[in-house]
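Data block for query29.txt (compact mmCIF, C-alpha atoms):
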# COMPACT_ATOMS: atom_id res chain seq x y z
CA MET B 1 -1.27 3.54 5.53
CA ILE B 2 -3.07 0.94 3.47
CA PHE B 3 -4.63 -2.26 4.83
CA ARG B 4 -5.64 -4.78 2.18
CA TRP B 5 -7.38 -8.16 2.10
CA SER B 6 -8.38 -10.52 -0.71
CA ILE B 7 -11.24 -12.98 -0.95
CA TRP B 8 -12.47 -14.94 -3.96
CA GLY B 9 -14.30 -18.01 -5.18
CA ASP B 10 -15.82 -20.29 -2.56
CA HIS B 11 -13.75 -18.52 0.11
CA ILE B 12 -16.41 -15.79 0.03
CA SER B 13 -19.18 -18.04 1.34
CA LYS B 14 -16.82 -19.85 3.72
CA ASN B 15 -14.82 -16.95 5.13
CA ILE B 16 -16.75 -13.69 4.70
CA GLU B 17 -17.66 -13.66 8.40
CA LEU B 18 -13.99 -14.04 9.31
CA LEU B 19 -13.07 -11.24 6.92
CA ARG B 20 -15.54 -8.89 8.57
CA TYR B 21 -14.07 -9.60 12.02
CA SER B 22 -10.54 -9.22 10.68
CA ILE B 23 -11.27 -5.81 9.18
CA LEU B 24 -13.04 -4.61 12.32
CA SER B 25 -10.14 -5.74 14.51
CA PHE B 26 -7.63 -3.67 12.51
CA LYS B 27 -9.92 -0.66 12.32
CA LYS B 28 -10.39 -0.77 16.07
CA GLN B 29 -6.66 -0.48 16.71
CA PHE B 30 -5.60 1.77 13.83
CA GLY B 31 -8.70 3.91 13.37
CA ASP B 32 -10.60 5.12 10.32
CA GLU B 33 -8.05 7.55 8.90
CA HIS B 34 -6.31 4.88 6.81
CA GLN B 35 -7.35 3.06 3.61
CA TYR B 36 -9.02 -0.34 4.06
CA ILE B 37 -9.35 -2.21 0.77
CA ILE B 38 -10.71 -5.63 -0.19
CA TYR B 39 -9.99 -7.17 -3.59
CA THR B 40 -12.37 -9.84 -4.87
CA ASP B 41 -13.76 -11.57 -7.94
CA ASP B 42 -17.33 -10.72 -6.85
CA GLU B 43 -17.50 -7.07 -5.82
CA SER B 44 -21.29 -7.08 -5.55
CA GLU B 45 -21.55 -10.03 -3.17
CA VAL B 46 -18.68 -8.91 -0.94
CA SER B 47 -20.04 -5.35 -0.77
CA GLU B 48 -23.38 -6.72 0.33
CA HIS B 49 -21.83 -8.82 3.09
CA LEU B 50 -19.66 -5.93 4.30
CA PHE B 51 -22.44 -3.36 4.21
CA GLY B 52 -21.93 -0.74 6.91
CA LEU B 53 -18.15 -1.00 7.01
CA ASP B 54 -16.17 1.96 5.71
CA VAL B 55 -14.03 -0.08 3.31
CA GLY B 56 -13.28 -0.02 -0.39
CA VAL B 57 -14.30 -3.17 -2.25
CA ARG B 58 -12.53 -3.52 -5.60
CA GLN B 59 -12.98 -6.00 -8.41
CA PHE B 60 -10.07 -8.23 -9.42
CA PRO B 61 -8.58 -7.38 -12.81
CA LYS B 62 -9.81 -9.36 -15.78
CA GLN B 63 -8.00 -12.55 -16.74
CA GLY B 64 -4.65 -11.62 -18.24
CA GLU B 65 -4.52 -8.12 -16.75
CA SER B 66 -2.52 -9.29 -13.73
CA ILE B 67 0.06 -12.08 -13.74
CA PHE B 68 -1.28 -13.16 -10.36
CA SER B 69 -4.76 -13.75 -11.75
CA VAL B 70 -4.15 -17.48 -11.84
CA SER B 71 -6.40 -20.27 -10.62
CA SER B 72 -4.38 -22.84 -8.67
CA LYS B 73 -4.06 -24.56 -5.32
CA ALA B 74 -1.54 -21.86 -4.42
CA THR B 75 -2.96 -18.53 -3.24
CA TRP B 76 -1.41 -16.27 -5.89
CA MET B 77 -4.75 -14.52 -6.34
CA LYS B 78 -4.21 -12.69 -3.05
CA TRP B 79 -1.69 -10.45 -4.84
CA CYS B 80 -4.13 -9.22 -7.48
CA PRO B 81 -3.90 -6.69 -8.96
CA ALA B 82 -0.28 -6.31 -7.78
CA PRO B 83 1.83 -6.85 -4.66
CA ARG B 84 1.96 -3.08 -4.21
CA ILE B 85 -0.92 -0.60 -4.44
CA ASP B 86 1.05 2.54 -3.52
CA VAL B 87 4.78 2.27 -2.81
CA SER B 88 4.75 5.72 -1.19
CA GLN B 89 2.65 4.35 1.70
CA THR B 90 3.19 1.61 4.25
CA GLU B 91 1.01 -1.29 3.15
CA PHE B 92 -0.34 -4.20 5.22
CA TYR B 93 -1.48 -7.40 3.51
CA VAL B 94 -3.79 -9.32 5.87
CA ASP B 95 -5.40 -12.74 5.45
CA SER B 96 -9.10 -12.91 6.28
CA ASP B 97 -8.41 -15.23 9.24
CA VAL B 98 -5.98 -12.86 11.00
CA PHE B 99 -7.26 -10.85 13.98
CA LEU B 100 -5.61 -7.95 15.81
CA LEU B 101 -6.38 -7.98 19.54
CA LYS B 102 -4.46 -4.99 20.87
CA TYR B 103 -2.35 -2.14 19.56
CA PRO B 104 0.79 -3.69 18.01
CA LYS B 105 3.76 -1.93 19.63
CA GLU B 106 6.12 -4.29 17.83
CA ILE B 107 4.86 -2.95 14.51
CA ASP B 108 5.57 0.58 15.76
CA SER B 109 9.12 -0.61 16.49
CA PHE B 110 9.39 -1.96 12.96
CA LEU B 111 8.10 1.27 11.44
CA SER B 112 10.61 3.32 13.41
CA ASP B 113 13.54 1.03 12.52
CA GLN B 114 15.37 2.72 9.64
CA ASN B 115 16.96 -0.55 8.51
CA SER B 116 13.80 -2.66 8.24
CA GLY B 117 11.64 -2.54 5.14
CA PHE B 118 9.46 -5.62 5.51
CA ALA B 119 7.70 -7.28 8.44
CA ILE B 120 6.10 -10.72 8.56
CA MET B 121 4.84 -13.35 10.98
CA ASP B 122 7.04 -16.22 12.14
CA GLU B 123 6.06 -19.84 11.59
CA TYR B 124 5.19 -22.15 14.51
CA TYR B 125 8.00 -24.57 13.71
CA GLY B 126 10.10 -24.29 10.56
CA GLN B 127 9.31 -27.28 8.32
CA SER B 128 9.87 -27.76 4.60
CA TRP B 129 6.16 -28.30 3.82
CA GLN B 130 5.55 -24.69 4.87
CA HIS B 131 7.37 -23.69 1.68
CA GLY B 132 5.07 -25.90 -0.39
CA ALA B 133 6.43 -26.96 -3.76
CA MET B 134 8.89 -24.05 -3.51
CA ALA B 135 10.86 -26.12 -1.00
CA ARG B 136 12.69 -27.43 -4.07
CA LYS B 137 14.18 -23.95 -4.58
CA ALA B 138 14.61 -22.94 -0.95
CA THR B 139 18.04 -23.01 0.69
CA ASN B 140 19.20 -23.24 4.29
CA LYS B 141 19.11 -19.43 4.32
CA THR B 142 15.41 -19.24 3.37
CA PRO B 143 13.34 -18.15 6.38
CA PHE B 144 10.26 -20.00 7.59
CA VAL B 145 7.64 -17.28 7.71
CA ASN B 146 3.86 -17.13 7.77
CA ALA B 147 2.30 -15.00 5.06
CA GLY B 148 -0.93 -14.27 6.95
CA LEU B 149 0.38 -10.79 7.74
CA PHE B 150 2.96 -9.05 5.58
CA ILE B 151 3.93 -5.38 5.81
CA GLN B 152 5.87 -3.33 3.28
CA LYS B 153 7.14 -0.03 4.60
CA ALA B 154 6.84 3.06 2.42
CA GLY B 155 9.60 2.98 -0.19
CA PHE B 156 10.03 -0.81 -0.09
CA ASP B 157 8.51 -3.14 -2.66
CA ILE B 158 8.58 -6.96 -2.89
CA THR B 159 7.06 -6.97 -6.39
CA GLN B 160 10.06 -7.81 -8.58
CA SER B 161 11.46 -10.41 -6.19
CA LEU B 162 8.05 -12.08 -5.86
CA ILE B 163 7.46 -12.06 -9.62
CA LYS B 164 10.82 -13.78 -10.10
CA GLU B 165 9.74 -16.61 -7.78
CA TYR B 166 6.29 -16.78 -9.36
CA GLU B 167 7.83 -17.19 -12.80
CA TRP B 168 10.02 -20.02 -11.48
CA TRP B 169 6.97 -21.66 -9.93
CA LYS B 170 4.99 -21.35 -13.16
CA GLU B 171 7.78 -22.96 -15.18
CA ASN B 172 8.77 -25.70 -12.73
CA VAL B 173 5.74 -26.76 -10.66
CA LYS B 174 3.24 -29.01 -12.40
CA PRO B 175 -0.47 -28.57 -11.55
CA GLU B 176 -0.55 -31.92 -9.74
CA ASP B 177 2.38 -30.82 -7.54
CA GLN B 178 0.90 -27.48 -6.47
CA THR B 179 0.10 -26.92 -2.79
CA HIS B 180 -1.69 -24.32 -0.69
CA HIS B 181 1.69 -23.14 0.65
CA ASP B 182 3.50 -22.47 -2.65
CA GLU B 183 2.88 -18.73 -2.57
CA GLN B 184 4.10 -18.53 1.04
CA GLY B 185 7.24 -20.42 0.05
CA ALA B 186 7.81 -18.06 -2.87
CA LEU B 187 7.44 -15.05 -0.56
CA ALA B 188 9.91 -16.60 1.91
CA ILE B 189 12.48 -17.08 -0.88
CA ALA B 190 11.85 -13.54 -2.15
CA LEU B 191 12.57 -12.23 1.36
CA THR B 192 15.81 -14.18 1.86
CA LYS B 193 18.09 -11.34 0.77
CA SER B 194 16.13 -8.87 2.90
CA LEU B 195 16.69 -11.15 5.90
CA GLN B 196 20.41 -11.34 5.18
CA ASP B 197 20.58 -7.55 4.76
CA GLY B 198 18.80 -6.93 8.07
CA GLN B 199 15.72 -5.49 6.33
CA LEU B 200 13.24 -8.19 7.40
CA PHE B 201 11.52 -7.75 10.76
CA VAL B 202 10.09 -11.08 11.97
CA LEU B 203 7.30 -10.53 14.49
CA PRO B 204 7.62 -12.54 17.73
CA LYS B 205 5.59 -15.73 17.45
CA ASP B 206 4.56 -15.77 21.11
CA LYS B 207 2.62 -12.52 20.53
CA TYR B 208 1.76 -12.85 16.84
CA MET B 209 0.54 -16.39 17.05
CA LEU B 210 -0.67 -19.15 14.77
CA ILE B 211 -3.48 -21.13 16.38
CA GLY B 212 -4.88 -24.28 14.81
CA PRO B 213 -5.15 -28.06 15.11
CA ASN B 214 -1.36 -28.41 14.87
CA GLU B 215 -0.22 -25.05 16.26
CA ASN B 216 -0.80 -23.82 19.81
CA LYS B 217 -4.01 -25.84 19.94
CA ASP B 218 -4.11 -25.79 23.76
CA ILE B 219 -4.11 -21.99 23.99
CA ASN B 220 -7.17 -20.85 25.95
CA ASN B 221 -6.14 -17.35 26.99
CA LEU B 222 -5.45 -14.51 24.57
CA ASP B 223 -4.53 -11.88 27.17
CA ASP B 224 -0.83 -11.75 26.22
CA ILE B 225 -1.37 -12.17 22.47
CA VAL B 226 -1.35 -9.17 20.13
CA LEU B 227 -2.60 -10.93 17.01
CA PHE B 228 -3.59 -14.44 16.03
CA HIS B 229 -3.92 -16.30 12.77
CA ALA B 230 -6.73 -18.86 12.92
CA VAL B 231 -5.06 -21.08 10.38
CA TYR B 232 -6.54 -22.81 7.33
CA PRO B 233 -8.50 -24.85 6.38
CA ASP B 234 -11.33 -24.84 8.92
CA HIS B 235 -10.19 -21.99 11.20
CA PRO B 236 -11.29 -23.59 14.48
CA ALA B 237 -9.53 -20.90 16.52
CA PHE B 238 -11.86 -18.25 15.12
CA TYR B 239 -14.92 -20.08 16.42
CA LYS B 240 -13.18 -20.93 19.68
CA PHE B 241 -12.46 -17.26 20.35
CA LYS B 242 -15.42 -15.66 18.60
CA ASN B 243 -17.02 -14.52 21.86
CA TYR B 244 -13.70 -12.96 22.86
CA LEU B 245 -13.64 -11.04 19.57
CA ASP B 246 -17.28 -9.99 20.02
CA ASN B 247 -16.47 -8.48 23.41
CA LEU B 248 -13.31 -6.87 22.08
CA LEU B 249 -15.09 -5.21 19.17
CA LYS B 250 -18.08 -3.84 21.08

Output the file's structure in the form of structure tokens.
Amino acid sequence: MIFRWSIWGDHISKNIELLRYSILSFKKQFGDEHQYIIYTDDESEVSEHLFGLDVGVRQFPKQGESIFSVSSKATWMKWCPAPRIDVSQTEFYVDSDVFLLKYPKEIDSFLSDQNSGFAIMDEYYGQSWQHGAMARKATNKTPFVNAGLFIQKAGFDITQSLIKEYEWWKENVKPEDQTHHDEQGALAIALTKSLQDGQLFVLPKDKYMLIGPNENKDINNLDDIVLFHAVYPDHPAFYKFKNYLDNLLK
């Protein structure tokens, strides 16, 4: 299996500590026999910060070598160099503010389900702003999902569907209308057919939880939670539960 993260620009100085904890939390549960890869626009700096971790740090492709190498409010850069590294393997995309607390039995269920090809986190409450500017293209069949954790099973590939939505975004969303959630909205639209076909496994939001100023902010106990996403922009849940993570990762 492949586990991949992306970090770039000023996110490196702001979130490199979170990234380190995120990687360690997945390695603790899944072990060292898998590939752990970080893509970045500053391989040297990230490698220095992650010294001692058995991970592969890879440089983003040069401008123009990947269609997702685009500077915008939307987080398209996370898909550089491509939404798939190796379609023959199960591939996890993980945001740097997502932390795995215990072994994810629900993901085992997904992997053993012959019908499911993709797995993703649920949103806290489904609201149109969670699709960003892509809400203009979404329908009542478009799921509300959180792109902090996205899994593609071996043999399944979101690339062409996601490129289709990216191209629509590029042609129809002006720079002043871009939002941080546009890429998530595009992914949700790209997954609509998979949901209708029974190929999308949505992880239970009471165990795979968003925690932030507007989501589950009163949560003080992580004992029943498998994974949490300490949501953007300031990630207060990470600092709230940092001691918990320290004890977990000893």

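Distances from B:Leu203, B:Val46, B:Leu101, B:Leu195 to Tyr124 in chain B were compared using only C-alpha atoms, and the smallest one belongs to B:Leu203.
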
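Distance check against Ala154 in chain B using all atoms listed in the file: of B:Asp86, B:Glu33, B:Glu45, B:Glu65, the minimum falls on B:Asp86.
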
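Across the model, the gap from CA of Arg20 in chain B to CA of Tyr36 in chain B is 11.7 Å.
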
Best match for closeness to Leu24 in chain B among B:Ala135, B:Ala119, B:Ala188, B:Leu50, counting only C-alpha atoms
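That would be B:Leu50, the residue with the smallest distance to Leu24 in chain B.
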
Taking only C-alpha atoms into account, which of B:Leu111, B:Val202, B:Val55, B:Leu100 comes nearest Phe144 in chain B?
B:Val202

Between CA of Phe60 in chain B and CA of Gly132 in chain B, what is the distance in Å, rounded to a tenth?
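Separation between CA of Phe60 in chain B and CA of Gly132 in chain B: 25.0 Å.
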
Spatial neighbours of His34 in chain B, 12 Å, all atoms listed in the file, chain gap at least 4 places, as a list of chain:residue names:
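Here the answer would be B:Met1, B:Ile2, B:Phe3, B:Arg4, B:Phe26, B:Lys27, B:Lys28, B:Gln29, B:Phe30, B:Asp54, B:Val55, B:Gly56, B:Gln89, B:Thr90, B:Glu91, B:Phe92.
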
Next, dump the selected residues to file, keeping only C-alpha atoms, as an mmCIF file, keeping the file's coordinate frame.
data_model
loop_
_atom_site.group_PDB
_atom_site.id
_atom_site.type_symbol
_atom_site.label_atom_id
_atom_site.label_comp_id
_atom_site.auth_asym_id
_atom_site.auth_seq_id
_atom_site.Cartn_x
_atom_site.Cartn_y
_atom_site.Cartn_z
ATOM 1 C CA MET B 1 -1.270 3.540 5.530
ATOM 2 C CA ILE B 2 -3.070 0.940 3.470
ATOM 3 C CA PHE B 3 -4.630 -2.260 4.830
ATOM 4 C CA ARG B 4 -5.640 -4.780 2.180
ATOM 5 C CA PHE B 26 -7.630 -3.670 12.510
ATOM 6 C CA LYS B 27 -9.920 -0.660 12.320
ATOM 7 C CA LYS B 28 -10.390 -0.770 16.070
ATOM 8 C CA GLN B 29 -6.660 -0.480 16.710
ATOM 9 C CA PHE B 30 -5.600 1.770 13.830
ATOM 10 C CA ASP B 54 -16.170 1.960 5.710
ATOM 11 C CA VAL B 55 -14.030 -0.080 3.310
ATOM 12 C CA GLY B 56 -13.280 -0.020 -0.390
ATOM 13 C CA GLN B 89 2.650 4.350 1.700
ATOM 14 C CA THR B 90 3.190 1.610 4.250
ATOM 15 C CA GLU B 91 1.010 -1.290 3.150
ATOM 16 C CA PHE B 92 -0.340 -4.200 5.220
#

Just want the 12 Å neighbourhood of Asp182 in chain B, counted on only C-alpha atoms, with same-chain residues fewer than 5 positions away dropped. Output as an MDAnalysis selection string.
chainID B and resid 72:76 128:138 146:147 162 165:166 168:170 172:175 177 187:189

Record the distance separating CA of His229 in chain B and CA of Asp95 in chain B, expressed in Å with one decimal.
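Separating CA of His229 in chain B from CA of Asp95 in chain B is a distance of 8.3 Å.
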
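You can rank B:Glu123, B:Val226, B:Leu210, B:Ile37 by their closest distance to Tyr93 in chain B using all atoms listed in the file, and at the top of that list sits B:Ile37.
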
In terms of the shortest atom-to-atom distance over all atoms listed in the file, which of B:Met209, B:Ala237, B:Leu200, B:Ala230 is closest to Pro143 in chain B?
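Counting all atoms listed in the file, the residue closest to Pro143 in chain B is B:Leu200.
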
Counting all atoms listed in the file, what is within 9 Å of range 238-244 of chain B, bar same-chain residues fewer than 2 positions away, as a PyMOL selection string?
chain B and resi 18+97-99+211+220+222+229-231+235-236+246-249

Distance query Asp41 in chain B at most 8 Å, only C-alpha atoms, self and fewer than 3 positions along chain excluded, as a PDB file with C-alpha atoms, in the coordinates of the input:
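Okay, selection-v9.pdb is ready:
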ATOM      1  CA  ILE B   7     -11.240 -12.980  -0.950  1.00  0.00           C
ATOM      2  CA  TRP B   8     -12.470 -14.940  -3.960  1.00  0.00           C
ATOM      3  CA  GLY B   9     -14.300 -18.010  -5.180  1.00  0.00           C
ATOM      4  CA  GLN B  59     -12.980  -6.000  -8.410  1.00  0.00           C
ATOM      5  CA  PHE B  60     -10.070  -8.230  -9.420  1.00  0.00           C
TER       6      PHE B  60
END

Need the shell around Leu19 in chain B: protein/DNA/RNA residues with any atom at most 7 Å away, counting only C-alpha atoms. Skip same-chain ones fewer than 4 positions apart. Format as an MDAnalysis selection string?
chainID B and resid 15 23 96:97

All file atoms of range 203-211 of chain B boxed axis-aligned, 8 Å per side, centre plus edges, as AutoDock Vina command-line options:
--center_x 2.1 --center_y -15.8 --center_z 17.8 --size_x 27.1 --size_y 26.6 --size_z 22.6

Hey, could you patch up range 211-235 of chain B with N, CA, C and O atoms and hand it over as a PDB file, keeping the file's coordinate frame?
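File produced: part_25.pdb:
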ATOM      1  N   ILE B 211      -2.706 -20.223  15.537  1.00  0.00           N
ATOM      2  CA  ILE B 211      -3.480 -21.130  16.380  1.00  0.00           C
ATOM      3  C   ILE B 211      -4.319 -22.026  15.477  1.00  0.00           C
ATOM      4  O   ILE B 211      -5.091 -21.547  14.643  1.00  0.00           O
ATOM      5  N   GLY B 212      -4.148 -23.320  15.634  1.00  0.00           N
ATOM      6  CA  GLY B 212      -4.880 -24.280  14.810  1.00  0.00           C
ATOM      7  C   GLY B 212      -4.757 -25.680  15.363  1.00  0.00           C
ATOM      8  O   GLY B 212      -4.232 -25.882  16.461  1.00  0.00           O
ATOM      9  N   PRO B 213      -5.199 -26.674  14.635  1.00  0.00           N
ATOM     10  CA  PRO B 213      -5.150 -28.060  15.110  1.00  0.00           C
ATOM     11  C   PRO B 213      -3.746 -28.550  15.386  1.00  0.00           C
ATOM     12  O   PRO B 213      -3.548 -29.432  16.224  1.00  0.00           O
ATOM     13  N   ASN B 214      -2.750 -27.973  14.696  1.00  0.00           N
ATOM     14  CA  ASN B 214      -1.360 -28.410  14.870  1.00  0.00           C
ATOM     15  C   ASN B 214      -0.480 -27.351  15.513  1.00  0.00           C
ATOM     16  O   ASN B 214       0.690 -27.621  15.795  1.00  0.00           O
ATOM     17  N   GLU B 215      -1.018 -26.156  15.727  1.00  0.00           N
ATOM     18  CA  GLU B 215      -0.220 -25.050  16.260  1.00  0.00           C
ATOM     19  C   GLU B 215      -0.921 -24.432  17.461  1.00  0.00           C
ATOM     20  O   GLU B 215      -2.026 -23.916  17.337  1.00  0.00           O
ATOM     21  N   ASN B 216      -0.282 -24.481  18.602  1.00  0.00           N
ATOM     22  CA  ASN B 216      -0.800 -23.820  19.810  1.00  0.00           C
ATOM     23  C   ASN B 216      -2.251 -24.183  20.087  1.00  0.00           C
ATOM     24  O   ASN B 216      -3.043 -23.348  20.545  1.00  0.00           O
ATOM     25  N   LYS B 217      -2.608 -25.435  19.841  1.00  0.00           N
ATOM     26  CA  LYS B 217      -4.010 -25.840  19.940  1.00  0.00           C
ATOM     27  C   LYS B 217      -4.549 -25.796  21.367  1.00  0.00           C
ATOM     28  O   LYS B 217      -5.763 -25.761  21.573  1.00  0.00           O
ATOM     29  N   ASP B 218      -3.657 -25.800  22.365  1.00  0.00           N
ATOM     30  CA  ASP B 218      -4.110 -25.790  23.760  1.00  0.00           C
ATOM     31  C   ASP B 218      -4.232 -24.395  24.339  1.00  0.00           C
ATOM     32  O   ASP B 218      -4.546 -24.241  25.523  1.00  0.00           O
ATOM     33  N   ILE B 219      -3.982 -23.365  23.518  1.00  0.00           N
ATOM     34  CA  ILE B 219      -4.110 -21.990  23.990  1.00  0.00           C
ATOM     35  C   ILE B 219      -5.577 -21.688  24.316  1.00  0.00           C
ATOM     36  O   ILE B 219      -6.474 -21.904  23.495  1.00  0.00           O
ATOM     37  N   ASN B 220      -5.804 -21.201  25.535  1.00  0.00           N
ATOM     38  CA  ASN B 220      -7.170 -20.850  25.950  1.00  0.00           C
ATOM     39  C   ASN B 220      -7.291 -19.394  26.391  1.00  0.00           C
ATOM     40  O   ASN B 220      -8.394 -18.915  26.631  1.00  0.00           O
ATOM     41  N   ASN B 221      -6.154 -18.713  26.474  1.00  0.00           N
ATOM     42  CA  ASN B 221      -6.140 -17.350  26.990  1.00  0.00           C
ATOM     43  C   ASN B 221      -5.392 -16.459  26.009  1.00  0.00           C
ATOM     44  O   ASN B 221      -4.239 -16.729  25.673  1.00  0.00           O
ATOM     45  N   LEU B 222      -6.043 -15.400  25.556  1.00  0.00           N
ATOM     46  CA  LEU B 222      -5.450 -14.510  24.570  1.00  0.00           C
ATOM     47  C   LEU B 222      -4.909 -13.216  25.188  1.00  0.00           C
ATOM     48  O   LEU B 222      -4.519 -12.304  24.465  1.00  0.00           O
ATOM     49  N   ASP B 223      -4.847 -13.143  26.502  1.00  0.00           N
ATOM     50  CA  ASP B 223      -4.530 -11.880  27.170  1.00  0.00           C
ATOM     51  C   ASP B 223      -3.158 -11.334  26.788  1.00  0.00           C
ATOM     52  O   ASP B 223      -2.967 -10.112  26.737  1.00  0.00           O
ATOM     53  N   ASP B 224      -2.183 -12.207  26.530  1.00  0.00           N
ATOM     54  CA  ASP B 224      -0.830 -11.750  26.220  1.00  0.00           C
ATOM     55  C   ASP B 224      -0.533 -11.774  24.716  1.00  0.00           C
ATOM     56  O   ASP B 224       0.611 -11.563  24.304  1.00  0.00           O
ATOM     57  N   ILE B 225      -1.552 -12.030  23.910  1.00  0.00           N
ATOM     58  CA  ILE B 225      -1.370 -12.170  22.470  1.00  0.00           C
ATOM     59  C   ILE B 225      -1.836 -10.886  21.774  1.00  0.00           C
ATOM     60  O   ILE B 225      -2.910 -10.356  22.070  1.00  0.00           O
ATOM     61  N   VAL B 226      -1.029 -10.390  20.869  1.00  0.00           N
ATOM     62  CA  VAL B 226      -1.350  -9.170  20.130  1.00  0.00           C
ATOM     63  C   VAL B 226      -2.220  -9.476  18.924  1.00  0.00           C
ATOM     64  O   VAL B 226      -3.158  -8.733  18.608  1.00  0.00           O
ATOM     65  N   LEU B 227      -1.914 -10.577  18.252  1.00  0.00           N
ATOM     66  CA  LEU B 227      -2.600 -10.930  17.010  1.00  0.00           C
ATOM     67  C   LEU B 227      -2.585 -12.444  16.880  1.00  0.00           C
ATOM     68  O   LEU B 227      -1.624 -13.095  17.295  1.00  0.00           O
ATOM     69  N   PHE B 228      -3.655 -13.014  16.316  1.00  0.00           N
ATOM     70  CA  PHE B 228      -3.590 -14.440  16.030  1.00  0.00           C
ATOM     71  C   PHE B 228      -4.125 -14.749  14.645  1.00  0.00           C
ATOM     72  O   PHE B 228      -4.993 -14.055  14.113  1.00  0.00           O
ATOM     73  N   HIS B 229      -3.548 -15.793  14.092  1.00  0.00           N
ATOM     74  CA  HIS B 229      -3.920 -16.300  12.770  1.00  0.00           C
ATOM     75  C   HIS B 229      -4.625 -17.629  12.986  1.00  0.00           C
ATOM     76  O   HIS B 229      -4.009 -18.606  13.408  1.00  0.00           O
ATOM     77  N   ALA B 230      -5.920 -17.648  12.742  1.00  0.00           N
ATOM     78  CA  ALA B 230      -6.730 -18.860  12.920  1.00  0.00           C
ATOM     79  C   ALA B 230      -6.581 -19.710  11.656  1.00  0.00           C
ATOM     80  O   ALA B 230      -7.376 -19.618  10.732  1.00  0.00           O
ATOM     81  N   VAL B 231      -5.567 -20.551  11.631  1.00  0.00           N
ATOM     82  CA  VAL B 231      -5.060 -21.080  10.380  1.00  0.00           C
ATOM     83  C   VAL B 231      -6.048 -21.988   9.643  1.00  0.00           C
ATOM     84  O   VAL B 231      -6.936 -22.605  10.225  1.00  0.00           O
ATOM     85  N   TYR B 232      -5.828 -22.012   8.326  1.00  0.00           N
ATOM     86  CA  TYR B 232      -6.540 -22.810   7.330  1.00  0.00           C
ATOM     87  C   TYR B 232      -6.407 -24.292   7.667  1.00  0.00           C
ATOM     88  O   TYR B 232      -5.408 -24.682   8.276  1.00  0.00           O
ATOM     89  N   PRO B 233      -7.370 -25.174   7.259  1.00  0.00           N
ATOM     90  CA  PRO B 233      -8.500 -24.850   6.380  1.00  0.00           C
ATOM     91  C   PRO B 233      -9.809 -24.512   7.088  1.00  0.00           C
ATOM     92  O   PRO B 233     -10.652 -23.826   6.518  1.00  0.00           O
ATOM     93  N   ASP B 234     -10.017 -25.000   8.300  1.00  0.00           N
ATOM     94  CA  ASP B 234     -11.330 -24.840   8.920  1.00  0.00           C
ATOM     95  C   ASP B 234     -11.387 -23.744   9.984  1.00  0.00           C
ATOM     96  O   ASP B 234     -12.450 -23.487  10.549  1.00  0.00           O
ATOM     97  N   HIS B 235     -10.250 -23.141  10.294  1.00  0.00           N
ATOM     98  CA  HIS B 235     -10.190 -21.990  11.200  1.00  0.00           C
ATOM     99  C   HIS B 235     -10.869 -22.219  12.550  1.00  0.00           C
ATOM    100  O   HIS B 235     -11.634 -21.372  13.023  1.00  0.00           O
TER     101      HIS B 235
END
